[in-house]
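Q: Could you have a look at this structure, given as structure tokens, before my questions?
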Amino acid sequence: MELSNFLKLLSRQKYTLIVVPLIAVAITYFLVRKLPDSYTSRGRVATGLVDQSQQELINNQTTDAGENKINQQFNNLIQMMQLKKIFDQVSYQLIIHDLSSDTPYRKPTKLLKSLGTEAKKHALEVFTKKYKTREPLSLWDDDQKGLNELIISMGYDEPTLKKKITIFRTNNSDFIDLEFESDSPLLSAFIINSLCNEFIVYYSFLVRENQMKAVNFLDSLMKLKRSTMNGQMQDLKNYKISNRVLNLNEQAKSLYGQISDFETKKEMTDKDILAYTGALKSIEDKFNPQDRKYLESTLTKINQEIISTKGSLNQLSQEYVRSNYDPKIKHRMDSLQIILTSQINQSTDKYILNPLAAKENLVLQKLNLEVQLELAKNSVSTLKSELEKLNKKFDLLVPHEAVIQSYETEIDIASKEYIEILKKFNQTSLESSFSVRLRQIELAMPGAAQPSKKMLIVALSGMLSFIFCMVVMFILFYIDDSIHVPKELADKTDLPVLGFLPFIKTSVINLPEVWTEEIDKKKIEFRNLLRSTRFEIENEMKNNKFLLITSLHPFEGKTITALSLAYAYSAINKKVLLIDGNFGDPVITANSNTKLFLEDYLGNKISLNQLQNENKVTTLGTKGGDVSLLELCDEQVVREKLQALETLFDIIIIEMASLDALNRAKEWVSFGNKLVAVFEANQTITAAKQEEVNYLKSLDTKFSGWVLNKYGSRKQAVKKRVWFWKK
């Protein structure tokens, strides 16, 4: 539906859609017919960013870097090419050439022609100096500001050059292409070649400077890291010397082994003591006191010798443990052990035993066990003291271990940092030894004239103007909230629409002619739609006779609707009374020239019989004025007078004032049976109108519906008095 309405709008505005593009085409043609021919030159720069052979020489790696990183590098190069300082160098070369050459690239402008010899010489000196020093013109200086205006006048300034130049990467290759379009083939080629050369020089200088800065910085940083690493190594060396630490791990391992050995020997000695003690107790239990007394008395001298030998053996045993089991001391111990055994055997050779006792072997065992027990007890004390010494030595190594580990960690970190910086230094030094990879591999050459774009521009102007008109019309159509068709009126008011009347481009309608003659199609359409509207209203009226006609605001067509309905009812042989109830604007009264007035009928100045005539449509006019219906007479009288009219007429149509007249319109509503409101097409439902619509909704069944007037016109009709009908 909306699309069809929009297409209808375009159909109505077809002349606008044709005329506007034609005007745009004509204007564009006259503007572009003198445009000069254009010439395009193209150059190419190789970057080396994705050239695998060059990458391997410098980085010793293939170009397997991420595509995003490569694209970023190309974008950086392209943006660097478009720096103002690069274009300034090209601008200087162009203006220097035109000032010093008899064949300038472009025709001198008025500003350039106005310069005298001295002025040209001064300008040439300034531009040459700026070009050599790579400095921009200072716009705070009036002299240089004037020289900048000279460059702008010739079209050599940076913004103008950028408009005509195109810089892009060719697909995913290693090349950057530059294209420039101008009105001179030599100018296009010169600008491309100059721009490439200036960019390569600037980039080479920038890269070389950055590389040298990086090399110097890495060299100083490398020396600093090396000095730090050497200092930490010297601190570790001094600490080991001052604390007599040769090899901490080996020392700790040796001490731990000795401690383990001594602990094992101590456990074995403790077991021997327990075993010897138990064996001695078992032997002593087998002796009686008399045997023991006799034995001790007879062996006093030899026992003293044995005790002396045992003492010497105990001393050697202690020395043996303290010497960490020296073989020499072991040899001396074995010699004493032999002497002790000989003394014990000597004591057994004497016949001093009790003849009654047969316990010679037990005595010998006891003596040997006592010797072994004494040796074991002396060894335990010596082992304990040695273990304590070893543990103290081991405990002294622990703080040394923590300090040495701290030193070694710092040295390891410092060495890694030094090696990393050394690698970067070597890599940067290697890169700085190679020349810059950027080079221009294709020089720009003067090209042939490009195909003329004049016709394309002319056609494009017509197309764009047509599209612009379409867009404007669509926007106007989209924001248009006015009502054009009955469905829109019903949707926006939520009230029924009984019919609609078409818009007729005439100020006078002869209603008898509409019903009696075959006239133009518009009036035939009007007649058919009027019949349809009358039929719908008649269905709503049923047996009622009073039909009120109103509108939301004046000049919406309620008068022509009332007249047309009156004549439509008369066409089906109905006796119709048309009452002009619009006191403030009695158009029906003025158009009909009636002599019968509502005020006279209500005031009993004319009788009911006087309203009877042979005409199918009787008009009861009004004298008008600033009055309302109930101001003419009492409500009861009005009701009785109107009810009396039902006996003479089949249908009574009353045109009342519009609803914005407040009580003058609403007073009629209480006396009518049905109310029909006329709404003029191409209007919106404003907030004020919405209140009146709400009032119509409050009437419930008394309000029959809408009649949409002037359907089919997108233009507002001129609000003026017209003669719609003559008897």
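Numbering starts fresh at 1 for the residues of each chain in the structure tokens, the chains themselves are lettered A, B, ... in the order given, and ligands are numbered from 1 as they appear.
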Excluding Leu137 of chain A and its own-chain neighbours fewer than 4 positions away, which residues fall within 9 Å of it when counting only C-alpha atoms? Please give them as an NGL selection string.
A: :A and (88 or 127 or 130 or 141 or 144-145 or 147-148)
Q: Take the residues just selected and output them with N, CA and C atoms as a PDB file, in the first residue's frame.
A:
```pdb
ATOM      1  N   ASP A  88      56.249  19.167   0.746  1.00  0.00           N
ATOM      2  CA  ASP A  88      56.864  20.499   0.695  1.00  0.00           C
ATOM      3  C   ASP A  88      58.113  20.481  -0.183  1.00  0.00           C
ATOM      4  N   PHE A 127      63.114  29.726  -1.635  1.00  0.00           N
ATOM      5  CA  PHE A 127      62.673  28.359  -1.919  1.00  0.00           C
ATOM      6  C   PHE A 127      63.863  27.394  -1.970  1.00  0.00           C
ATOM      7  N   LYS A 130      65.059  26.781   1.622  1.00  0.00           N
ATOM      8  CA  LYS A 130      64.117  25.912   2.328  1.00  0.00           C
ATOM      9  C   LYS A 130      64.222  24.467   1.838  1.00  0.00           C
ATOM     10  N   ASP A 141      55.638  34.655   9.254  1.00  0.00           N
ATOM     11  CA  ASP A 141      56.433  35.639   8.521  1.00  0.00           C
ATOM     12  C   ASP A 141      55.635  36.086   7.295  1.00  0.00           C
ATOM     13  N   GLN A 144      57.239  35.013   3.904  1.00  0.00           N
ATOM     14  CA  GLN A 144      57.082  33.600   3.598  1.00  0.00           C
ATOM     15  C   GLN A 144      55.609  33.228   3.405  1.00  0.00           C
ATOM     16  N   LYS A 145      54.726  33.932   4.087  1.00  0.00           N
ATOM     17  CA  LYS A 145      53.297  33.697   3.872  1.00  0.00           C
ATOM     18  C   LYS A 145      52.907  34.055   2.442  1.00  0.00           C
ATOM     19  N   LEU A 147      54.964  33.938  -0.138  1.00  0.00           N
ATOM     20  CA  LEU A 147      55.528  32.895  -0.991  1.00  0.00           C
ATOM     21  C   LEU A 147      54.673  31.627  -0.956  1.00  0.00           C
ATOM     22  N   ASN A 148      54.080  31.353   0.211  1.00  0.00           N
ATOM     23  CA  ASN A 148      53.184  30.192   0.302  1.00  0.00           C
ATOM     24  C   ASN A 148      51.941  30.402  -0.564  1.00  0.00           C
TER      25      ASN A 148
END
```
Q: Counting only C-alpha atoms, which of A:Val497, A:Ile411, A:Leu49, A:Ile606 gets nearest to Gln232 of chain A?
A: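 Among A:Val497, A:Ile411, A:Leu49, A:Ile606, it is A:Ile411 that comes nearest to Gln232 of chain A.
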Q: Give me the residues within 9 Å of Leu648 of chain A as an MDAnalysis selection string, counting only C-alpha atoms and dropping any in the same chain fewer than 3 places off.
A: chainID A and resid 575 577 608:609 611:612 644:645
Q: Pick out the closest residue to Met455 of chain A from this set: A:Thr701, A:Thr28, A:Ser551, A:Ala562. Count only C-alpha atoms.
A: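 Looking only at the distances to Met455 of chain A, the closest residue turns out to be A:Thr28.
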Q: Could you pull the residues within 10 Å of Leu642 of chain A, counting only C-alpha atoms, minus those fewer than 4 positions along the same chain, as a ChimeraX atom specification?
A: /A:546,601-602,636-638,646-647,652,671-672
Q: Mind writing the picked residues with N, CA and C atoms as a PDB file, in the first residue's frame?
A:
```pdb
ATOM      1  N   PHE A 546     -33.345  12.820  10.957  1.00  0.00           N
ATOM      2  CA  PHE A 546     -32.491  13.991  11.170  1.00  0.00           C
ATOM      3  C   PHE A 546     -31.013  13.575  11.006  1.00  0.00           C
ATOM      4  N   TYR A 601     -39.168  30.306  11.298  1.00  0.00           N
ATOM      5  CA  TYR A 601     -39.943  29.107  11.591  1.00  0.00           C
ATOM      6  C   TYR A 601     -40.008  28.862  13.090  1.00  0.00           C
ATOM      7  N   LEU A 602     -38.858  29.020  13.778  1.00  0.00           N
ATOM      8  CA  LEU A 602     -38.873  28.816  15.225  1.00  0.00           C
ATOM      9  C   LEU A 602     -39.651  29.902  15.951  1.00  0.00           C
ATOM     10  N   GLN A 636     -37.332  23.032  24.389  1.00  0.00           N
ATOM     11  CA  GLN A 636     -38.557  22.267  24.147  1.00  0.00           C
ATOM     12  C   GLN A 636     -39.253  22.716  22.885  1.00  0.00           C
ATOM     13  N   VAL A 637     -39.235  24.014  22.657  1.00  0.00           N
ATOM     14  CA  VAL A 637     -39.871  24.563  21.449  1.00  0.00           C
ATOM     15  C   VAL A 637     -39.107  24.083  20.211  1.00  0.00           C
ATOM     16  N   VAL A 638     -37.770  24.123  20.294  1.00  0.00           N
ATOM     17  CA  VAL A 638     -36.965  23.676  19.166  1.00  0.00           C
ATOM     18  C   VAL A 638     -37.251  22.211  18.856  1.00  0.00           C
ATOM     19  N   GLU A 646     -40.837  16.263  10.583  1.00  0.00           N
ATOM     20  CA  GLU A 646     -40.791  14.869  10.155  1.00  0.00           C
ATOM     21  C   GLU A 646     -42.037  14.459   9.390  1.00  0.00           C
ATOM     22  N   THR A 647     -43.131  15.161   9.622  1.00  0.00           N
ATOM     23  CA  THR A 647     -44.380  14.804   8.931  1.00  0.00           C
ATOM     24  C   THR A 647     -44.368  15.222   7.472  1.00  0.00           C
ATOM     25  N   ILE A 652     -34.128  14.972   6.648  1.00  0.00           N
ATOM     26  CA  ILE A 652     -33.824  16.356   7.009  1.00  0.00           C
ATOM     27  C   ILE A 652     -32.312  16.427   7.247  1.00  0.00           C
ATOM     28  N   PHE A 671     -30.241  17.407  19.086  1.00  0.00           N
ATOM     29  CA  PHE A 671     -31.518  17.362  18.361  1.00  0.00           C
ATOM     30  C   PHE A 671     -31.470  16.442  17.145  1.00  0.00           C
ATOM     31  N   GLY A 672     -30.296  15.987  16.744  1.00  0.00           N
ATOM     32  CA  GLY A 672     -30.192  15.127  15.568  1.00  0.00           C
ATOM     33  C   GLY A 672     -30.203  13.663  15.936  1.00  0.00           C
TER      34      GLY A 672
END
```
Q: Taking 2 positions as the minimum chain separation for residues in the same chain, which residues sit within 9 Å of Gln93 of chain A when counting only C-alpha atoms? Answer as a list in words.
A: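 Here the answer would be Asp88, Gln89, Val90, Ser91, Ile95, Ile96, His97, Asp98, Phe127, Thr128, Tyr131 and Ser194 of chain A.
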Q: Mind checking which residues fall within 8 Å of Met333 of chain A, counting only C-alpha atoms, ignoring those fewer than 6 positions away in the same chain, and posting them as a VMD selection string?
A: chain A and resid 313 316 to 317
Q: Take the residues from that selection and write them out as a JSON list (two decimals), in the first residue's frame, keeping N, CA and C atoms.
A:
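Saved result, part16.json, follows:
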```json
[["chain", "number", "residue", "atom", "x", "y", "z"],
["A", 313, "LEU", "N", 95.42, -48.99, 75.59],
["A", 313, "LEU", "CA", 94.58, -49.36, 74.44],
["A", 313, "LEU", "C", 93.40, -48.40, 74.28],
["A", 316, "LEU", "N", 94.67, -45.18, 72.68],
["A", 316, "LEU", "CA", 94.84, -45.35, 71.23],
["A", 316, "LEU", "C", 93.50, -45.43, 70.50],
["A", 317, "SER", "N", 92.50, -46.05, 71.16],
["A", 317, "SER", "CA", 91.17, -46.16, 70.52],
["A", 317, "SER", "C", 90.57, -44.77, 70.29]]
```
Q: Extract the full set of strand (DSSP E) residues from segment 406-627 of chain A according to DSSP on the backbone, and format it as an NGL selection string.
A: :A and (439-442 or 497-502 or 546-551 or 576-581 or 617-620)
Q: Mind writing the picked residues with N, CA and C atoms as a PDB file, in the first residue's frame?
A:
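Done, and the output landed in out09.pdb:
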```pdb
ATOM      1  N   ARG A 439      63.765   1.328  -2.825  1.00  0.00           N
ATOM      2  CA  ARG A 439      64.330   1.833  -4.079  1.00  0.00           C
ATOM      3  C   ARG A 439      63.198   1.951  -5.107  1.00  0.00           C
ATOM      4  N   GLN A 440      63.328   2.920  -5.969  1.00  0.00           N
ATOM      5  CA  GLN A 440      62.342   3.095  -7.034  1.00  0.00           C
ATOM      6  C   GLN A 440      62.744   2.208  -8.206  1.00  0.00           C
ATOM      7  N   ILE A 441      61.893   1.239  -8.514  1.00  0.00           N
ATOM      8  CA  ILE A 441      62.233   0.282  -9.574  1.00  0.00           C
ATOM      9  C   ILE A 441      61.571   0.641 -10.899  1.00  0.00           C
ATOM     10  N   GLU A 442      60.579   1.544 -10.864  1.00  0.00           N
ATOM     11  CA  GLU A 442      59.932   1.990 -12.098  1.00  0.00           C
ATOM     12  C   GLU A 442      59.838   3.508 -12.078  1.00  0.00           C
ATOM     13  N   VAL A 497     -15.433   4.953   8.212  1.00  0.00           N
ATOM     14  CA  VAL A 497     -15.521   5.888   7.091  1.00  0.00           C
ATOM     15  C   VAL A 497     -16.656   5.407   6.195  1.00  0.00           C
ATOM     16  N   LEU A 498     -17.685   6.258   6.008  1.00  0.00           N
ATOM     17  CA  LEU A 498     -18.857   5.878   5.228  1.00  0.00           C
ATOM     18  C   LEU A 498     -18.635   6.032   3.734  1.00  0.00           C
ATOM     19  N   GLY A 499     -17.760   6.937   3.343  1.00  0.00           N
ATOM     20  CA  GLY A 499     -17.515   7.144   1.925  1.00  0.00           C
ATOM     21  C   GLY A 499     -16.522   8.250   1.705  1.00  0.00           C
ATOM     22  N   PHE A 500     -16.241   8.536   0.439  1.00  0.00           N
ATOM     23  CA  PHE A 500     -15.308   9.602   0.100  1.00  0.00           C
ATOM     24  C   PHE A 500     -15.735  10.217  -1.213  1.00  0.00           C
ATOM     25  N   LEU A 501     -15.423  11.514  -1.355  1.00  0.00           N
ATOM     26  CA  LEU A 501     -15.771  12.259  -2.562  1.00  0.00           C
ATOM     27  C   LEU A 501     -14.485  12.729  -3.213  1.00  0.00           C
ATOM     28  N   PRO A 502     -14.384  12.619  -4.544  1.00  0.00           N
ATOM     29  CA  PRO A 502     -13.134  12.965  -5.223  1.00  0.00           C
ATOM     30  C   PRO A 502     -12.953  14.467  -5.341  1.00  0.00           C
ATOM     31  N   PHE A 546     -33.345  12.820  10.957  1.00  0.00           N
ATOM     32  CA  PHE A 546     -32.491  13.991  11.170  1.00  0.00           C
ATOM     33  C   PHE A 546     -31.013  13.575  11.006  1.00  0.00           C
ATOM     34  N   LEU A 547     -30.359  14.129   9.968  1.00  0.00           N
ATOM     35  CA  LEU A 547     -28.947  13.863   9.694  1.00  0.00           C
ATOM     36  C   LEU A 547     -28.153  15.155   9.845  1.00  0.00           C
ATOM     37  N   LEU A 548     -27.173  15.159  10.771  1.00  0.00           N
ATOM     38  CA  LEU A 548     -26.330  16.324  11.011  1.00  0.00           C
ATOM     39  C   LEU A 548     -25.029  16.181  10.218  1.00  0.00           C
ATOM     40  N   ILE A 549     -24.615  17.264   9.565  1.00  0.00           N
ATOM     41  CA  ILE A 549     -23.361  17.295   8.816  1.00  0.00           C
ATOM     42  C   ILE A 549     -22.440  18.316   9.469  1.00  0.00           C
ATOM     43  N   THR A 550     -21.221  17.886   9.867  1.00  0.00           N
ATOM     44  CA  THR A 550     -20.251  18.803  10.483  1.00  0.00           C
ATOM     45  C   THR A 550     -18.856  18.456   9.980  1.00  0.00           C
ATOM     46  N   SER A 551     -17.856  19.154  10.539  1.00  0.00           N
ATOM     47  CA  SER A 551     -16.442  18.894  10.246  1.00  0.00           C
ATOM     48  C   SER A 551     -15.626  19.318  11.458  1.00  0.00           C
ATOM     49  N   VAL A 576     -36.676  16.155   0.547  1.00  0.00           N
ATOM     50  CA  VAL A 576     -35.522  16.521   1.373  1.00  0.00           C
ATOM     51  C   VAL A 576     -35.681  17.945   1.877  1.00  0.00           C
ATOM     52  N   LEU A 577     -35.354  18.121   3.184  1.00  0.00           N
ATOM     53  CA  LEU A 577     -35.267  19.462   3.765  1.00  0.00           C
ATOM     54  C   LEU A 577     -33.807  19.698   4.142  1.00  0.00           C
ATOM     55  N   LEU A 578     -33.239  20.748   3.558  1.00  0.00           N
ATOM     56  CA  LEU A 578     -31.850  21.108   3.846  1.00  0.00           C
ATOM     57  C   LEU A 578     -31.843  22.333   4.730  1.00  0.00           C
ATOM     58  N   ILE A 579     -31.363  22.205   5.973  1.00  0.00           N
ATOM     59  CA  ILE A 579     -31.359  23.304   6.942  1.00  0.00           C
ATOM     60  C   ILE A 579     -29.938  23.818   7.084  1.00  0.00           C
ATOM     61  N   ASP A 580     -29.773  25.118   6.939  1.00  0.00           N
ATOM     62  CA  ASP A 580     -28.479  25.761   7.161  1.00  0.00           C
ATOM     63  C   ASP A 580     -28.387  26.131   8.633  1.00  0.00           C
ATOM     64  N   GLY A 581     -27.720  25.277   9.413  1.00  0.00           N
ATOM     65  CA  GLY A 581     -27.605  25.524  10.855  1.00  0.00           C
ATOM     66  C   GLY A 581     -26.295  26.155  11.251  1.00  0.00           C
ATOM     67  N   VAL A 617     -36.151  19.331  -3.064  1.00  0.00           N
ATOM     68  CA  VAL A 617     -35.237  19.795  -2.019  1.00  0.00           C
ATOM     69  C   VAL A 617     -35.696  21.173  -1.581  1.00  0.00           C
ATOM     70  N   THR A 618     -36.035  21.291  -0.303  1.00  0.00           N
ATOM     71  CA  THR A 618     -36.437  22.566   0.278  1.00  0.00           C
ATOM     72  C   THR A 618     -35.306  23.050   1.173  1.00  0.00           C
ATOM     73  N   THR A 619     -34.967  24.318   1.006  1.00  0.00           N
ATOM     74  CA  THR A 619     -33.863  24.874   1.795  1.00  0.00           C
ATOM     75  C   THR A 619     -34.414  25.811   2.836  1.00  0.00           C
ATOM     76  N   LEU A 620     -34.030  25.568   4.085  1.00  0.00           N
ATOM     77  CA  LEU A 620     -34.399  26.439   5.196  1.00  0.00           C
ATOM     78  C   LEU A 620     -33.121  27.133   5.651  1.00  0.00           C
TER      79      LEU A 620
END
```
Q: Quick one: pull the distance between atom CA of His553 of chain A and atom CA of Asp660 of chain A, Å, one decimal.
A: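 Atom-to-atom, atom CA of His553 of chain A and atom CA of Asp660 of chain A are spaced 5.9 Å apart.
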Q: How many Å lie between atom CA of Asp102 of chain A and atom CA of Thr117 of chain A, rounded to one decimal?
A: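 Distance reported for this atom pair: 14.0 Å.
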Q: Pick out the residues sitting within 7 Å of segment 708-713 of chain A, and hand them over as a compact mmCIF listing (two decimals) with N, CA and C atoms, in the first residue's frame; count only C-alpha atoms, and ignore anything fewer than 2 positions along from it in its own chain.
A:
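Wrote it out as part_1.txt, contents follow:
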```txt
# COMPACT_ATOMS: atom_id res chain seq x y z
N HIS A 484 -4.68 10.63 3.36
CA HIS A 484 -4.98 10.72 1.93
C HIS A 484 -6.07 9.76 1.49
N VAL A 485 -6.19 8.64 2.15
CA VAL A 485 -7.16 7.62 1.74
C VAL A 485 -8.05 7.27 2.92
N PRO A 486 -9.23 6.71 2.65
CA PRO A 486 -10.17 6.38 3.74
C PRO A 486 -9.58 5.45 4.79
N GLY A 499 -17.76 6.94 3.34
CA GLY A 499 -17.52 7.14 1.93
C GLY A 499 -16.52 8.25 1.70
N PHE A 500 -16.24 8.54 0.44
CA PHE A 500 -15.31 9.60 0.10
C PHE A 500 -15.74 10.22 -1.21
N LEU A 501 -15.42 11.51 -1.36
CA LEU A 501 -15.77 12.26 -2.56
C LEU A 501 -14.49 12.73 -3.21
N PRO A 502 -14.38 12.62 -4.54
CA PRO A 502 -13.13 12.97 -5.22
C PRO A 502 -12.95 14.47 -5.34
N PHE A 503 -11.69 14.82 -5.59
CA PHE A 503 -11.37 16.23 -5.82
C PHE A 503 -11.65 16.57 -7.29
N GLY A 557 -15.39 21.12 3.51
CA GLY A 557 -16.30 20.60 2.48
C GLY A 557 -17.61 20.09 3.01
N VAL A 678 -17.30 15.53 8.02
CA VAL A 678 -16.54 15.63 6.77
C VAL A 678 -15.09 15.94 7.12
N PHE A 679 -14.17 15.18 6.52
CA PHE A 679 -12.73 15.39 6.75
C PHE A 679 -12.06 15.61 5.40
N GLU A 680 -11.36 16.75 5.28
CA GLU A 680 -10.67 17.05 4.02
C GLU A 680 -9.36 16.27 3.94
N ALA A 681 -9.10 15.64 2.80
CA ALA A 681 -7.88 14.87 2.61
C ALA A 681 -6.64 15.76 2.68
N TRP A 706 -17.23 8.96 9.01
CA TRP A 706 -16.59 10.05 8.28
C TRP A 706 -17.00 10.01 6.80
N LYS A 715 -2.64 18.31 -3.09
CA LYS A 715 -2.48 19.74 -2.87
C LYS A 715 -3.69 20.27 -2.10
```
Q: Which is closer to Val50 of chain A than all the others in A:Leu206, A:Val587, A:Ile176, A:Val126, using only C-alpha atoms?
A: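 Among the listed residues, A:Ile176 lies closest to Val50 of chain A.
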